[in-house]
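**Q** Got a structure for you, final-v1.cif, holding mmCIF, C-alpha atoms.
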```cif
data_work
#
loop_
_atom_site.label_atom_id
_atom_site.label_comp_id
_atom_site.auth_asym_id
_atom_site.auth_seq_id
_atom_site.Cartn_x
_atom_site.Cartn_y
_atom_site.Cartn_z
CA MET A 1 -83.40 -137.78 102.00
CA THR A 2 -81.31 -139.11 104.88
CA THR A 3 -82.12 -138.87 108.57
CA SER A 4 -79.35 -136.28 109.00
CA ASP A 5 -80.89 -134.18 106.18
CA VAL A 6 -84.28 -134.24 107.91
CA GLN A 7 -82.70 -133.33 111.24
CA GLY A 8 -80.74 -130.52 109.60
CA GLN A 9 -83.87 -129.06 108.02
CA ALA A 10 -85.77 -129.28 111.32
CA SER A 11 -82.91 -127.57 113.15
CA SER A 12 -82.75 -124.83 110.51
CA SER A 13 -86.51 -124.27 110.67
CA SER A 14 -86.41 -124.13 114.47
CA ALA A 15 -83.56 -121.60 114.38
CA LEU A 16 -85.49 -119.43 111.92
CA LEU A 17 -88.65 -119.47 114.03
CA GLU A 18 -86.66 -118.57 117.11
CA ALA A 19 -85.07 -115.66 115.24
CA VAL A 20 -88.45 -114.51 113.89
CA HIS A 21 -89.97 -114.44 117.36
CA SER A 22 -87.10 -112.16 118.44
CA VAL A 23 -87.87 -109.54 115.78
CA LEU A 24 -88.65 -106.11 117.24
CA ALA A 25 -91.16 -103.57 115.93
CA ASN A 26 -88.43 -101.19 114.76
CA GLU A 27 -86.97 -103.94 112.53
CA LEU A 28 -90.09 -104.28 110.37
CA GLN A 29 -89.02 -101.30 108.24
CA PHE A 30 -86.00 -103.29 107.06
CA MET A 31 -88.15 -106.24 106.00
CA VAL A 32 -90.42 -104.46 103.50
CA LEU A 33 -88.86 -104.29 100.04
CA LYS A 34 -86.85 -101.39 98.63
CA ALA A 35 -87.25 -100.21 95.03
CA SER A 36 -84.10 -102.10 94.04
CA GLN A 37 -85.64 -105.37 95.28
CA LEU A 38 -88.85 -105.16 93.24
CA PRO A 39 -89.51 -107.55 90.32
CA ILE A 40 -88.38 -106.33 86.91
CA GLU A 41 -91.98 -105.57 85.90
CA LEU A 42 -92.01 -102.89 88.60
CA ALA A 43 -88.67 -101.31 87.70
CA GLY A 44 -88.87 -97.53 87.84
CA PHE A 45 -91.73 -97.45 90.34
CA GLU A 46 -91.27 -94.77 92.99
CA VAL A 47 -92.05 -94.77 96.70
CA LEU A 48 -95.50 -93.32 97.39
CA ARG A 49 -95.70 -93.99 101.10
CA GLU A 50 -93.74 -95.71 103.83
CA SER A 51 -94.79 -95.60 107.43
CA ASP A 52 -95.55 -97.44 110.62
CA LEU A 53 -98.98 -99.07 110.76
CA ASP A 54 -100.14 -99.08 114.35
CA ASN A 55 -103.59 -100.35 115.25
CA GLU A 56 -105.11 -96.86 115.15
CA ILE A 57 -104.03 -96.42 111.52
CA MET A 58 -105.09 -99.95 110.57
CA ALA A 59 -108.56 -99.37 112.00
CA LYS A 60 -108.99 -96.28 109.82
CA HIS A 61 -108.23 -98.24 106.64
CA GLY A 62 -110.84 -100.95 107.20
CA PHE A 63 -114.59 -101.05 106.80
CA GLY A 64 -115.36 -99.33 110.08
CA GLN A 65 -116.12 -102.52 111.98
CA LYS A 66 -112.94 -102.87 114.04
CA ALA A 67 -111.44 -100.29 116.37
CA ALA A 68 -107.78 -100.23 117.44
CA ASP A 69 -108.65 -102.14 120.62
CA ASP A 70 -110.33 -104.86 118.55
CA LEU A 71 -107.17 -105.32 116.49
CA ALA A 72 -105.08 -105.54 119.64
CA LYS A 73 -107.41 -108.24 120.99
CA LEU A 74 -106.77 -110.20 117.79
CA GLY A 75 -103.09 -110.22 118.72
CA ARG A 76 -101.88 -107.57 116.29
CA ILE A 77 -99.14 -105.31 117.66
CA THR A 78 -98.02 -103.08 114.78
CA GLY A 79 -96.73 -103.11 111.21
CA TYR A 80 -94.82 -101.28 108.50
CA VAL A 81 -95.73 -100.55 104.86
CA ARG A 82 -93.85 -99.35 101.79
CA GLU A 83 -95.94 -98.58 98.69
CA PHE A 84 -94.73 -97.87 95.17
CA VAL A 85 -96.48 -96.20 92.22
CA VAL A 86 -95.83 -95.58 88.54
CA PRO A 87 -94.15 -92.15 88.30
CA GLN A 88 -96.26 -89.61 86.48
CA GLY A 89 -95.03 -88.94 82.96
CA ALA A 90 -92.67 -91.92 83.00
CA PRO A 91 -91.38 -93.04 79.57
CA THR A 92 -93.01 -96.45 80.06
CA LEU A 93 -96.40 -94.75 80.30
CA GLU A 94 -95.78 -92.77 77.10
CA GLU A 95 -94.76 -95.88 75.18
CA GLU A 96 -97.50 -98.18 76.44
CA PRO A 97 -100.28 -97.52 78.95
CA ALA A 98 -99.37 -99.40 82.10
CA GLU A 99 -102.18 -101.39 83.69
CA ILE A 100 -100.21 -101.73 86.95
CA VAL A 101 -100.50 -98.58 89.03
CA MET A 102 -99.29 -99.60 92.48
CA ALA A 103 -97.44 -102.32 94.38
CA ALA A 104 -96.53 -102.73 98.02
CA THR A 105 -95.17 -104.97 100.72
CA VAL A 106 -96.23 -104.91 104.36
CA VAL A 107 -95.03 -106.73 107.47
CA HIS A 108 -97.22 -107.03 110.57
CA LEU A 109 -96.05 -108.09 114.03
CA PHE A 110 -98.38 -110.29 116.08
CA GLU A 111 -98.29 -111.79 119.54
CA SER A 112 -98.32 -115.39 118.30
CA GLU A 113 -98.40 -117.67 115.27
CA ASP A 114 -102.02 -118.55 116.01
CA SER A 115 -102.89 -114.85 115.89
CA VAL A 116 -101.43 -114.60 112.39
CA LYS A 117 -103.44 -117.56 111.07
CA ARG A 118 -106.62 -116.21 112.64
CA TRP A 119 -105.95 -112.84 111.01
CA ILE A 120 -105.47 -114.44 107.57
CA ASP A 121 -108.64 -116.52 107.88
CA GLU A 122 -110.86 -113.88 109.47
CA SER A 123 -109.59 -110.33 109.00
CA PHE A 124 -108.28 -111.02 105.50
CA VAL A 125 -110.36 -113.65 103.73
CA ARG A 126 -113.63 -113.57 105.68
CA ASP A 127 -113.86 -109.81 106.21
CA PHE A 128 -113.24 -109.04 102.54
CA ARG A 129 -115.88 -111.56 101.46
CA ASP A 130 -118.39 -110.34 104.05
CA ASN A 131 -118.01 -106.70 103.00
CA VAL A 132 -118.69 -107.00 99.28
CA GLY A 133 -120.99 -104.12 98.29
CA LYS A 134 -119.97 -101.97 101.25
CA GLU A 135 -117.97 -98.75 101.27
CA SER A 136 -114.67 -98.49 103.16
CA ASN A 137 -113.59 -95.57 105.31
CA GLU A 138 -111.56 -94.36 102.31
CA GLY A 139 -114.63 -94.07 100.08
CA GLN A 140 -114.04 -97.18 97.98
CA THR A 141 -116.84 -99.65 97.32
CA LEU A 142 -115.80 -103.30 97.52
CA GLN A 143 -117.24 -104.65 94.28
CA GLY A 144 -116.09 -108.26 94.37
CA VAL A 145 -113.69 -110.81 95.90
CA GLU A 146 -112.25 -114.03 94.50
CA ILE A 147 -110.14 -116.56 96.40
CA LEU A 148 -107.01 -117.47 94.41
CA GLU A 149 -104.82 -120.56 94.60
CA VAL A 150 -101.42 -119.96 96.22
CA ASP A 151 -98.56 -122.30 97.12
CA GLY A 152 -94.80 -122.47 97.59
CA PHE A 153 -94.55 -120.47 100.80
CA HIS A 154 -92.70 -121.51 103.94
CA ASP A 155 -95.95 -121.67 105.95
CA TYR A 156 -99.63 -120.81 105.82
CA ALA A 157 -100.74 -118.44 103.04
CA ALA A 158 -103.85 -117.14 101.26
CA SER A 159 -104.50 -115.00 98.20
CA LEU A 160 -107.39 -112.84 96.98
CA LEU A 161 -108.38 -110.81 93.95
CA VAL A 162 -110.24 -107.75 95.28
CA LEU A 163 -112.16 -105.33 93.05
CA HIS A 164 -112.64 -101.77 94.34
CA GLU A 165 -115.05 -99.38 92.66
CA MET A 166 -113.73 -95.81 92.59
CA PRO A 167 -115.63 -92.69 91.46
CA ASP A 168 -114.00 -92.91 88.01
CA ALA A 169 -112.51 -96.41 87.76
CA VAL A 170 -112.40 -99.99 89.00
CA LEU A 171 -109.14 -101.12 90.56
CA ALA A 172 -108.14 -104.78 90.85
CA SER A 173 -105.84 -105.74 93.73
CA THR A 174 -104.12 -109.13 93.77
CA ILE A 175 -103.08 -109.76 97.39
CA ILE A 176 -101.08 -112.48 99.13
CA ASP A 177 -100.90 -112.90 102.91
CA PHE A 178 -98.41 -115.38 104.37
CA ARG A 179 -97.26 -116.37 107.84
CA MET A 180 -93.72 -116.57 109.12
CA GLY A 181 -93.81 -117.34 112.82
CA ASN A 182 -95.56 -114.44 114.52
CA LEU A 183 -95.03 -112.20 111.48
CA LEU A 184 -97.55 -111.61 108.69
CA GLY A 185 -96.12 -110.74 105.29
CA VAL A 186 -98.38 -109.05 102.74
CA ALA A 187 -97.71 -108.30 99.08
CA TYR A 188 -100.15 -106.69 96.68
CA VAL A 189 -100.26 -105.34 93.15
CA VAL A 190 -102.99 -102.97 91.97
CA ALA A 191 -104.12 -102.67 88.34
CA LYS A 192 -106.45 -100.18 86.71
CA SER A 193 -108.40 -102.92 84.94
CA ASP A 194 -110.09 -106.16 85.97
CA VAL A 195 -107.03 -108.42 85.76
CA THR A 196 -105.48 -111.00 88.07
CA LEU A 197 -101.72 -110.59 88.55
CA SER A 198 -101.01 -113.76 90.51
CA ALA A 199 -97.56 -114.51 89.08
CA LEU A 200 -96.22 -111.01 89.68
CA THR A 201 -97.74 -110.77 93.16
CA LYS A 202 -96.31 -114.17 94.04
CA GLU A 203 -92.85 -113.06 92.86
CA LEU A 204 -93.20 -109.94 95.01
CA ALA A 205 -94.32 -112.00 98.01
CA PHE A 206 -91.44 -114.49 97.61
CA ALA A 207 -88.97 -111.59 97.55
CA LEU A 208 -90.59 -110.24 100.72
CA GLU A 209 -90.41 -113.65 102.41
CA GLN A 210 -86.70 -113.90 101.59
CA GLN A 211 -86.02 -110.40 102.92
CA MET A 212 -87.90 -111.19 106.13
CA VAL A 213 -85.69 -114.25 106.62
CA ARG A 214 -82.51 -112.24 105.99
CA VAL A 215 -83.46 -109.57 108.51
CA ALA A 216 -84.59 -112.10 111.12
CA LEU A 217 -81.31 -113.97 110.83
CA GLY A 218 -79.25 -110.77 110.84
CA ALA A 219 -78.03 -111.36 107.30
CA ALA A 220 -79.54 -108.25 105.66
#
```
In structure tokens, write the structure found in this file.
**A**
Amino acid sequence: MTTSDVQGQASSSSALLEAVHSVLANELQFMVLKASQLPIELAGFEVLRESDLDNEIMAKHGFGQKAADDLAKLGRITGYVREFVVPQGAPTLEEEPAEIVMAATVVHLFESEDSVKRWIDESFVRDFRDNVGKESNEGQTLQGVEILEVDGFHDYAASLLVLHEMPDAVLASTIIDFRMGNLLGVAYVVAKSDVTLSALTKELAFALEQQMVRVALGAA
């Protein structure tokens, strides 16, 4: 690689970070993936929920330890989520029971890049591990957590396999969190059996990362 190649990459990276830091809260909805952008394994999945995720809502979905003010102190501003589920009675379910029941992408806006890394290390990895055996505000018991290997992302990233015990089932969520400037991208796939779906979740996360870049650069 020549000196000019290195300089070109540095300039491109700097331009991307500058664009990312200019992203507004109302642009997050364009970064999460649409149904047409999902991996082929998720073809036919339908939107279950899409909405803003302010700190009040985020606090309600945790383990009851952090209030909205606590999340704000961690540098989180807001976010946006779009979740997809297998449509009831879909032909794919009739032909072969699908183990994947849900998939989603989320983008969170933070005050700084350091806030994003702290969130990944503490609110994602550490909080999940510390709350094994406890029940969330949604009535799910966190049965187990495993740290997974993850690579290939533009910046800092982490991945977990999280097992949730429901009244009538155990759900396995493969989750990837990655940083892009002061944005946190999240992709997860939920299965109705104890399986790790790293490859599919990584494909979903890469697609999210690419869409975040397109929107930040005004190319979407």
**Q** For the PyMOL selection byres ((chain A and resi 179) around 7), applied here, can you spell out every residue it catches as a ChimeraX atom specification?
**A** /A:116,155-157,178,180-181,183-185
**Q** Please evaluate the PyMOL selection byres ((chain A and resi 143-147) around 8) against the structure above and give the resulting residues as a CSV table (one decimal) with C-alpha atoms, keeping the file's coordinate frame.
**A**
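Wrote it out as expr.csv, contents follow:
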```csv
chain,number,residue,atom,x,y,z
A,125,VAL,CA,-110.4,-113.6,103.7
A,128,PHE,CA,-113.2,-109.0,102.5
A,129,ARG,CA,-115.9,-111.6,101.5
A,132,VAL,CA,-118.7,-107.0,99.3
A,133,GLY,CA,-121.0,-104.1,98.3
A,134,LYS,CA,-120.0,-102.0,101.2
A,141,THR,CA,-116.8,-99.6,97.3
A,142,LEU,CA,-115.8,-103.3,97.5
A,148,LEU,CA,-107.0,-117.5,94.4
A,149,GLU,CA,-104.8,-120.6,94.6
A,158,ALA,CA,-103.8,-117.1,101.3
A,159,SER,CA,-104.5,-115.0,98.2
A,160,LEU,CA,-107.4,-112.8,97.0
A,161,LEU,CA,-108.4,-110.8,94.0
A,162,VAL,CA,-110.2,-107.8,95.3
A,163,LEU,CA,-112.2,-105.3,93.0
A,164,HIS,CA,-112.6,-101.8,94.3
A,165,GLU,CA,-115.0,-99.4,92.7
```
**Q** Between CA of Ala216 in chain A and CA of Val23 in chain A, what is the distance, to one decimal in Å?
**A**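 CA of Val23 in chain A lies at a distance of 6.2 Å from CA of Ala216 in chain A.
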**Q** So which one's closest to Ala59 in chain A, A:Leu200, A:Ser36, A:Ser123, A:Pro87? Using only C-alpha atoms, please.
**A** A:Ser123
**Q** Selected by the PyMOL selection byres ((chain A and resi 53) around 10) in the shown coordinates: which residues, as a list in words?
**A**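 Evaluating the PyMOL selection byres ((chain A and resi 53) around 10) on these coordinates yields Glu50, Ser51, Asp52, Asp54, Asn55, Glu56, Ile57, Met58, Ala59, Ile77, Thr78, Gly79, Tyr80, Val81, Val106, Val107 and His108 of chain A.
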**Q** Which residue, A:Ala68, A:Val186, A:Ala15, A:Ala25, has the smallest gap to Ile120 in chain A when you use all atoms listed in the file?
**A**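 Nearest candidate to Ile120 in chain A out of A:Ala68, A:Val186, A:Ala15, A:Ala25: A:Val186.
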**Q** Let me have the centre and edge lengths of the axis-aligned box enclosing all listed atoms of range 62-79 of chain A with 4 Å padding on every side, in Å to one decimal, as lines of an AutoDock Vina configuration file.
**A**
```
center_x = -106.4
center_y = -104.8
center_z = 113.9
size_x = 27.4
size_y = 18.9
size_z = 22.2
```
**Q** Which of these residues is nearest to Glu46 in chain A, using all atoms listed in the file: A:Val85, A:Ala67, A:Leu17, A:Leu33?
**A**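 Closest residue, counting all atoms listed in the file: A:Val85.
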**Q** Neighbouring residues of range 208-211 of chain A were defined as those with any atom within 8 Å, considering all atoms listed in the file; residues of the same chain fewer than 4 positions away were excluded. Please report them as a VMD selection string.
**A** chain A and resid 31 to 33 105 185 187 204 215 220
**Q** Please, what distance in Å, to one decimal, runs between CA of Ala72 in chain A and CA of Ser22 in chain A?
**A**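 About the pair CA of Ala72 in chain A and CA of Ser22 in chain A: they are 19.2 Å apart.
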**Q** Neighbourhood query: residues within 10 Å of (-94.6, -97.1, 92.3), file coordinates, counting only C-alpha atoms; return as an MDAnalysis selection string.
**A** chainID A and resid 35 38 42:49 82:88 100:104
**Q** Can you measure CA of Leu197 in chain A to CA of Ile40 in chain A for me? One decimal in Å is fine.
**A**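 These atoms are spaced 14.1 Å apart.
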**Q** Reconstruct N, CA and C atoms of range 199-220 of chain A; output as a compact mmCIF listing (two decimals), in the coordinates of the input.
**A**
```txt
# COMPACT_ATOMS: atom_id res chain seq x y z
N ALA A 199 -98.98 -114.19 89.23
CA ALA A 199 -97.56 -114.51 89.08
C ALA A 199 -96.68 -113.38 89.60
N LEU A 200 -97.01 -112.16 89.24
CA LEU A 200 -96.22 -111.01 89.68
C LEU A 200 -96.34 -110.81 91.19
N THR A 201 -97.54 -110.94 91.73
CA THR A 201 -97.74 -110.77 93.16
C THR A 201 -97.02 -111.87 93.94
N LYS A 202 -97.02 -113.07 93.40
CA LYS A 202 -96.31 -114.17 94.04
C LYS A 202 -94.80 -113.92 94.04
N GLU A 203 -94.28 -113.41 92.94
CA GLU A 203 -92.85 -113.06 92.86
C GLU A 203 -92.51 -111.99 93.90
N LEU A 204 -93.39 -111.01 94.03
CA LEU A 204 -93.20 -109.94 95.01
C LEU A 204 -93.23 -110.51 96.43
N ALA A 205 -94.17 -111.41 96.68
CA ALA A 205 -94.32 -112.00 98.01
C ALA A 205 -93.13 -112.90 98.35
N PHE A 206 -92.63 -113.65 97.37
CA PHE A 206 -91.44 -114.49 97.61
C PHE A 206 -90.23 -113.63 97.96
N ALA A 207 -90.09 -112.50 97.25
CA ALA A 207 -88.97 -111.59 97.55
C ALA A 207 -89.10 -111.03 98.96
N LEU A 208 -90.34 -110.73 99.36
CA LEU A 208 -90.59 -110.24 100.72
C LEU A 208 -90.25 -111.32 101.75
N GLU A 209 -90.69 -112.55 101.49
CA GLU A 209 -90.41 -113.65 102.41
C GLU A 209 -88.91 -113.82 102.61
N GLN A 210 -88.15 -113.75 101.51
CA GLN A 210 -86.70 -113.90 101.59
C GLN A 210 -86.06 -112.76 102.39
N GLN A 211 -86.55 -111.53 102.19
CA GLN A 211 -86.02 -110.40 102.92
C GLN A 211 -86.35 -110.50 104.40
N MET A 212 -87.52 -110.99 104.73
CA MET A 212 -87.90 -111.19 106.13
C MET A 212 -86.97 -112.19 106.81
N VAL A 213 -86.62 -113.25 106.09
CA VAL A 213 -85.69 -114.25 106.62
C VAL A 213 -84.31 -113.63 106.85
N ARG A 214 -83.84 -112.86 105.86
CA ARG A 214 -82.51 -112.24 105.99
C ARG A 214 -82.44 -111.33 107.20
N VAL A 215 -83.46 -110.50 107.38
CA VAL A 215 -83.46 -109.57 108.51
C VAL A 215 -83.56 -110.32 109.83
N ALA A 216 -84.42 -111.32 109.89
CA ALA A 216 -84.59 -112.10 111.12
C ALA A 216 -83.30 -112.79 111.54
N LEU A 217 -82.54 -113.26 110.54
CA LEU A 217 -81.31 -113.97 110.83
C LEU A 217 -80.10 -113.03 110.91
N GLY A 218 -80.35 -111.73 110.75
CA GLY A 218 -79.25 -110.77 110.84
C GLY A 218 -78.33 -110.78 109.65
N ALA A 219 -78.86 -111.25 108.51
CA ALA A 219 -78.03 -111.36 107.30
C ALA A 219 -78.29 -110.25 106.30
N ALA A 220 -79.19 -109.32 106.62
CA ALA A 220 -79.54 -108.25 105.66
C ALA A 220 -78.58 -107.08 105.82
```
